[in-house]
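Student: Take this structure, written in structure tokens, and hold onto it; I'll ask about it next.
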Amino acid sequence: MSQEIYDPEPEATRRDAGAAESSRASRGWWDRNADAYQSDHGAFLGDDRFVWGPEGLDEAEAALLGPAEALKGRRVLEIGAGAAQCSRWLAARGARPVALDLSHRQLQHALRIGGDVPLVEADAGRLPFRDGTFDLACSAYGAVPFVADPVQVFREVHRVLRPGARWVFSVTHPVRWAFPDEPGPEGLSVAASYFDRVPYVEQDERGDAVYVEHHRTLGDRVRDVVAGGFRLLDLVEPEWPAWNDQEWGGWSPLRGNLIPGTAIFVCERDRRTW
């Protein structure tokens with residue numbers, strides 16, 4: 001849920017961007033733009049709400065992590081936690097969450113809001129936890145769309161989860177890659193190849209990436225999940241609800257009623273070790 005651009009006039013292009021460059025760009029972008037992001041979207045996200053995407057699908061309704069009553073005492077890792085809104089929701093239901101984010105400034109907003117959730121500043125591709133530490137892992141638009149090697153992230157998540165644990169993450173629906181990122185009618189015409197996997201990059205005057213987003217087709221995402229050691233249990237494509245009249249970047253009621261905007265992958269860890 002981070003496709004709005006707050007940086008002043010970077011050059012948009014399509015080019016390769018490796019793991020180190022993508023990570024550096026994401027950390028810098030979020031550190032620079034966290035204040036504006038929380039100001040723009042904090043009311044929608046709430047301080048302790050678990051929402052999976054701009055459509056407004058709540059975990060309280062969807063129960064993709066399992067029944068709410070079963071969360072009590074569960075150790076949960078939230079990846080790309082931002083200001084830790086989802087982790088606070090989990091903590092209120094008796095879970096024991098840890099909120100991890102790459103951005104120091106985003107975690108400062110988590111401190112500003114408050115609560116007792118442990119906060120960890122780290123890269124999703126190098127999780128600083130022992131094997132089998134967590135009972136669940138989740139990510140609402142965090143990390144996955146912005147990493148060059150999603151399989152590495154999934155294998156790290158696999159490593160820190162106990163066997164049979166659930167990993168649930170949401171990303172921009174892959175079909176949206178083919179459409180302009182506009183909320184109005186201009187965002188309803190195909191403008192690019194769905195199969196073009198060259199990353200979208202915004203770069204400064206020196207050619208250094210300041211924002212990177214990586215596209216994977218729906219099939220790519222499924223194969224990445226399997227390669228990471230998980231079994232896909234469900235793929236949820238939330239419909240746009242009648243109550244939601246807000247625009248969020250390229251997400252809008254107009255587009256949401258016609259094409260999917262979010263894909264949520266519900267996965268289960270297998271029993272392999274790497």
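Order determines the names: the first chain of the structure tokens is A, the second B, and so forth; residues in each chain are numbered 1 upward, and ligands are numbered 1 upward as they are shown.
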So that I can check the surroundings of Glu21 (chain A), please list as a list in words every protein, DNA and RNA residue that reaches within 9 Å of it, counting only C-alpha atoms and ignoring chain neighbours fewer than 5 positions away.
Tutor: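 These residues fall inside the cut-off: Ser26, Ala148, Asp208, Ala209, Val210 and Val212 of chain A.
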Student: Taking the DSSP secondary structure from the backbone, can you list the residues of region 160-240 of chain A that are strand (DSSP E), as a VMD selection string?
Tutor: chain A and resid 161 to 172 200 to 203 209 to 213 230 to 236
Student: Apply DSSP to the structure's backbone, then extract all residues of region 5-152 of chain A labelled helix (DSSP H, G or I) and return them as JSON, numbers by chain.
Tutor: {"A": [19, 20, 21, 22, 23, 24, 25, 26, 27, 28, 29, 30, 31, 32, 33, 34, 35, 36, 37, 38, 39, 40, 41, 42, 43, 44, 45, 59, 60, 61, 62, 68, 69, 70, 71, 85, 86, 87, 88, 89, 90, 91, 92, 104, 105, 106, 107, 108, 109, 110, 111, 112, 113, 144, 145, 146, 150, 151, 152]}
Student: Could you pull the residues within 10 Å of Phe146 (chain A), counting only C-alpha atoms, minus those fewer than 3 positions along the same chain, as number ranges by chain?
Tutor: A: 2, 19, 22-23, 25-26, 141-143, 149-150, 171, 199-200, 211-215
Student: Once you have the residues from the selection above, write them out as a PDB file, in the first residue's frame, restricted to N, CA and C atoms.
Tutor:
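Saved file result.pdb follows:
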```pdb
ATOM      1  N   SER A   2       1.858   1.274  -0.864  1.00  0.00           N
ATOM      2  CA  SER A   2       2.850   2.320  -0.732  1.00  0.00           C
ATOM      3  C   SER A   2       3.251   2.909  -2.067  1.00  0.00           C
ATOM      4  N   ALA A  19      19.332  -6.853  -5.121  1.00  0.00           N
ATOM      5  CA  ALA A  19      18.863  -6.912  -3.739  1.00  0.00           C
ATOM      6  C   ALA A  19      19.384  -5.747  -2.904  1.00  0.00           C
ATOM      7  N   SER A  22      17.813  -2.380  -4.054  1.00  0.00           N
ATOM      8  CA  SER A  22      16.391  -2.337  -3.704  1.00  0.00           C
ATOM      9  C   SER A  22      16.201  -2.098  -2.219  1.00  0.00           C
ATOM     10  N   SER A  23      16.977  -2.791  -1.395  1.00  0.00           N
ATOM     11  CA  SER A  23      16.882  -2.615   0.050  1.00  0.00           C
ATOM     12  C   SER A  23      17.262  -1.203   0.460  1.00  0.00           C
ATOM     13  N   ALA A  25      17.154   1.523  -1.370  1.00  0.00           N
ATOM     14  CA  ALA A  25      16.135   2.457  -1.843  1.00  0.00           C
ATOM     15  C   ALA A  25      14.909   2.419  -0.946  1.00  0.00           C
ATOM     16  N   SER A  26      14.481   1.220  -0.553  1.00  0.00           N
ATOM     17  CA  SER A  26      13.287   1.103   0.293  1.00  0.00           C
ATOM     18  C   SER A  26      13.504   1.748   1.659  1.00  0.00           C
ATOM     19  N   TYR A 141       1.185  -5.791   2.874  1.00  0.00           N
ATOM     20  CA  TYR A 141       1.884  -4.932   1.915  1.00  0.00           C
ATOM     21  C   TYR A 141       3.288  -4.562   2.384  1.00  0.00           C
ATOM     22  N   GLY A 142       3.886  -5.345   3.239  1.00  0.00           N
ATOM     23  CA  GLY A 142       5.216  -5.045   3.723  1.00  0.00           C
ATOM     24  C   GLY A 142       6.273  -5.873   3.023  1.00  0.00           C
ATOM     25  N   ALA A 143       7.336  -5.257   2.612  1.00  0.00           N
ATOM     26  CA  ALA A 143       8.567  -5.904   2.141  1.00  0.00           C
ATOM     27  C   ALA A 143       8.425  -6.632   0.808  1.00  0.00           C
ATOM     28  N   ASP A 149      14.603 -10.476  -4.405  1.00  0.00           N
ATOM     29  CA  ASP A 149      14.634 -11.940  -4.265  1.00  0.00           C
ATOM     30  C   ASP A 149      13.593 -12.378  -3.242  1.00  0.00           C
ATOM     31  N   PRO A 150      12.323 -12.493  -3.656  1.00  0.00           N
ATOM     32  CA  PRO A 150      11.295 -12.886  -2.689  1.00  0.00           C
ATOM     33  C   PRO A 150      11.503 -14.286  -2.123  1.00  0.00           C
ATOM     34  N   VAL A 171      -0.063  -8.328  -1.217  1.00  0.00           N
ATOM     35  CA  VAL A 171       0.698  -7.508  -2.164  1.00  0.00           C
ATOM     36  C   VAL A 171      -0.284  -6.889  -3.152  1.00  0.00           C
ATOM     37  N   PRO A 199      11.942  -4.329 -13.181  1.00  0.00           N
ATOM     38  CA  PRO A 199      11.470  -3.521 -12.052  1.00  0.00           C
ATOM     39  C   PRO A 199      11.143  -2.080 -12.438  1.00  0.00           C
ATOM     40  N   TYR A 200      10.185  -1.531 -11.693  1.00  0.00           N
ATOM     41  CA  TYR A 200       9.891  -0.100 -11.775  1.00  0.00           C
ATOM     42  C   TYR A 200      10.833   0.610 -10.807  1.00  0.00           C
ATOM     43  N   TYR A 211      13.423   4.564  -5.163  1.00  0.00           N
ATOM     44  CA  TYR A 211      12.225   3.737  -4.963  1.00  0.00           C
ATOM     45  C   TYR A 211      12.302   2.602  -5.980  1.00  0.00           C
ATOM     46  N   VAL A 212      12.045   1.382  -5.521  1.00  0.00           N
ATOM     47  CA  VAL A 212      12.061   0.225  -6.405  1.00  0.00           C
ATOM     48  C   VAL A 212      10.865  -0.667  -6.073  1.00  0.00           C
ATOM     49  N   GLU A 213      10.177  -1.104  -7.118  1.00  0.00           N
ATOM     50  CA  GLU A 213       9.104  -2.082  -6.934  1.00  0.00           C
ATOM     51  C   GLU A 213       9.286  -3.184  -7.965  1.00  0.00           C
ATOM     52  N   HIS A 214       9.157  -4.416  -7.488  1.00  0.00           N
ATOM     53  CA  HIS A 214       9.389  -5.580  -8.336  1.00  0.00           C
ATOM     54  C   HIS A 214       8.064  -6.269  -8.660  1.00  0.00           C
ATOM     55  N   HIS A 215       7.887  -6.601  -9.910  1.00  0.00           N
ATOM     56  CA  HIS A 215       6.676  -7.276 -10.370  1.00  0.00           C
ATOM     57  C   HIS A 215       6.908  -8.771 -10.488  1.00  0.00           C
TER      58      HIS A 215
END
```
Student: Residues at most 12 Å from Leu233 (chain A), counting only C-alpha atoms, excluding those fewer than 6 positions away in the same chain, as a ChimeraX atom specification?
Tutor: /A:64-65,164-168,222,225-226,264-270
Student: Output as CSV one row per residue of region 31-139 of chain A within 12 Å of region 234-257 of chain A: the closest atom pair and its distance in Å to one decimal place, counting only C-alpha atoms, sorted by chain and residue number ascending.
Tutor:
```
residue,atom,partner,partner_atom,distance
A:Tyr37,CA,A:Trp248,CA,10.8
A:Asp40,CA,A:Trp248,CA,9.2
A:His41,CA,A:Trp248,CA,8.4
A:Ala43,CA,A:Gln246,CA,11.6
A:Phe44,CA,A:Gln246,CA,9.2
A:Leu45,CA,A:Trp248,CA,11.8
A:Val51,CA,A:Pro238,CA,11.4
A:Trp52,CA,A:Pro238,CA,9.1
A:Gly53,CA,A:Pro238,CA,8.6
A:Pro54,CA,A:Trp248,CA,6.5
A:Glu55,CA,A:Trp240,CA,5.3
A:Gly56,CA,A:Asn244,CA,7.3
A:Leu57,CA,A:Pro238,CA,6.9
A:Asp58,CA,A:Pro238,CA,10.4
A:Glu59,CA,A:Pro238,CA,11.9
A:Glu61,CA,A:Pro238,CA,11.8
A:Ala62,CA,A:Val236,CA,9.6
A:Ala63,CA,A:Val236,CA,11.6
A:Leu64,CA,A:Asp234,CA,9.0
A:Leu65,CA,A:Asp234,CA,11.4
```
Student: For the residues in that selection, give me N, CA and C atoms as a tab-separated table (two decimals), in the first residue's frame.
Tutor:
```
chain	number	residue	atom	x	y	z
A	37	TYR	N	3.20	9.52	4.88
A	37	TYR	CA	2.40	8.30	4.75
A	37	TYR	C	1.47	8.14	5.96
A	40	ASP	N	-1.26	10.81	5.89
A	40	ASP	CA	-2.28	10.57	4.86
A	40	ASP	C	-3.18	9.39	5.18
A	41	HIS	N	-2.59	8.33	5.76
A	41	HIS	CA	-3.32	7.06	5.86
A	41	HIS	C	-3.52	6.57	7.29
A	43	ALA	N	-5.46	7.58	9.67
A	43	ALA	CA	-6.85	7.45	10.10
A	43	ALA	C	-7.48	6.16	9.56
A	44	PHE	N	-7.17	5.82	8.32
A	44	PHE	CA	-7.70	4.60	7.71
A	44	PHE	C	-7.11	3.36	8.38
A	45	LEU	N	-5.80	3.39	8.64
A	45	LEU	CA	-5.14	2.24	9.24
A	45	LEU	C	-5.49	2.09	10.72
A	51	VAL	N	-5.60	-4.34	8.84
A	51	VAL	CA	-6.25	-4.23	7.53
A	51	VAL	C	-5.28	-4.76	6.48
A	52	TRP	N	-5.80	-5.58	5.56
A	52	TRP	CA	-4.94	-6.26	4.60
A	52	TRP	C	-4.62	-5.43	3.36
A	53	GLY	N	-5.37	-4.37	3.10
A	53	GLY	CA	-5.10	-3.58	1.90
A	53	GLY	C	-6.05	-2.41	1.79
A	54	PRO	N	-5.92	-1.63	0.72
A	54	PRO	CA	-6.76	-0.44	0.55
A	54	PRO	C	-8.25	-0.73	0.44
A	55	GLU	N	-8.61	-1.96	0.11
A	55	GLU	CA	-10.04	-2.30	0.08
A	55	GLU	C	-10.66	-2.21	1.47
A	56	GLY	N	-9.84	-2.40	2.50
A	56	GLY	CA	-10.33	-2.32	3.87
A	56	GLY	C	-10.70	-3.65	4.47
A	57	LEU	N	-10.23	-4.76	3.91
A	57	LEU	CA	-10.53	-6.07	4.49
A	57	LEU	C	-9.80	-6.21	5.81
A	58	ASP	N	-10.57	-6.39	6.89
A	58	ASP	CA	-10.02	-6.52	8.23
A	58	ASP	C	-9.75	-7.98	8.55
A	59	GLU	N	-8.64	-8.22	9.30
A	59	GLU	CA	-8.38	-9.57	9.78
A	59	GLU	C	-9.48	-10.01	10.75
A	61	GLU	N	-12.51	-9.71	10.34
A	61	GLU	CA	-13.55	-10.32	9.50
A	61	GLU	C	-13.01	-11.52	8.73
A	62	ALA	N	-11.81	-11.42	8.21
A	62	ALA	CA	-11.29	-12.44	7.30
A	62	ALA	C	-10.74	-13.67	8.01
A	63	ALA	N	-10.14	-13.49	9.19
A	63	ALA	CA	-9.57	-14.59	9.97
A	63	ALA	C	-8.59	-15.43	9.14
A	64	LEU	N	-7.75	-14.78	8.38
A	64	LEU	CA	-6.79	-15.51	7.54
A	64	LEU	C	-5.66	-16.10	8.36
A	65	LEU	N	-5.41	-15.56	9.53
A	65	LEU	CA	-4.41	-16.11	10.44
A	65	LEU	C	-4.97	-17.22	11.31
```
Student: In Å, with one decimal, what is the gap from CA of Leu136 (chain A) to CA of Leu161 (chain A)?
Tutor: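 Between CA of Leu136 (chain A) and CA of Leu161 (chain A) the gap works out to 6.7 Å.
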Student: Select, from A:Asp101, A:Gly207, A:Ala84, A:Gly42, the residue with the minimum atom-to-atom distance to Arg15 (chain A), counting only C-alpha atoms.
Tutor: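 Using only C-alpha atoms, Arg15 (chain A) sits closest to A:Gly207.
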Student: Measure the distance from CA of Ala110 (chain A) to CA of Glu78 (chain A) in Å and round it to one decimal.
Tutor: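 Between CA of Ala110 (chain A) and CA of Glu78 (chain A) the gap is 12.8 Å.
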Student: Just want the 9 Å neighbourhood of His104 (chain A), counted on only C-alpha atoms, with same-chain residues fewer than 2 positions away dropped. Output as a list in words.
Tutor: Arg27, Trp30, Asp31, Asp101, Leu102, Gln106, Leu107, Gln108, His109 and Glu121 of chain A
Student: Rank nothing, just name the residue among A:Phe129, A:Phe169, A:Trp89, A:Phe134 nearest to Gly46 (chain A), using only C-alpha atoms.
Tutor: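 Answer, going by the shortest atom-to-atom distance: A:Trp89.
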Student: Residues within 9 Å of Ala92 (chain A), please, as an MDAnalysis selection string. Count only C-alpha atoms; anything in the same chain fewer than 4 positions from it doesn't count.
Tutor: chainID A and resid 48 87:88
Student: State, in Å with one decimal place, the distance from CA of Leu100 (chain A) to CA of Leu77 (chain A).
Tutor: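 One can read the CA of Leu100 (chain A) to CA of Leu77 (chain A) distance as 7.3 Å.
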Student: Considering only C-alpha atoms, return as JSON, numbers by chain whatever protein or nucleic-acid residues lie within 9 Å of Ala12 (chain A), sequence-local ones (same chain, fewer than 6 positions apart) excluded.
Tutor: {"A": [200, 201, 202, 203]}
Student: For the selection you just gave me, I'd like the residues written to a file as an mmCIF file, in the first residue's frame, keeping N, CA and C atoms.
Tutor:
```cif
data_model
loop_
_atom_site.group_PDB
_atom_site.id
_atom_site.type_symbol
_atom_site.label_atom_id
_atom_site.label_comp_id
_atom_site.auth_asym_id
_atom_site.auth_seq_id
_atom_site.Cartn_x
_atom_site.Cartn_y
_atom_site.Cartn_z
ATOM 1 N N TYR A 200 10.185 -1.531 -11.693
ATOM 2 C CA TYR A 200 9.891 -0.100 -11.775
ATOM 3 C C TYR A 200 10.833 0.610 -10.807
ATOM 4 N N VAL A 201 11.567 1.583 -11.310
ATOM 5 C CA VAL A 201 12.581 2.271 -10.505
ATOM 6 C C VAL A 201 12.389 3.778 -10.635
ATOM 7 N N GLU A 202 12.463 4.468 -9.521
ATOM 8 C CA GLU A 202 12.585 5.915 -9.519
ATOM 9 C C GLU A 202 13.988 6.242 -9.036
ATOM 10 N N GLN A 203 14.680 7.077 -9.788
ATOM 11 C CA GLN A 203 16.072 7.347 -9.479
ATOM 12 C C GLN A 203 16.339 8.847 -9.442
#
```
Student: Would you mind telling me which residue in A:Ser139, A:Thr13, A:Ser193, A:Thr133 lies nearest to Val153 (chain A) when using only C-alpha atoms?
Tutor: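 Checking each candidate against Val153 (chain A), we get A:Ser139 as the closest.
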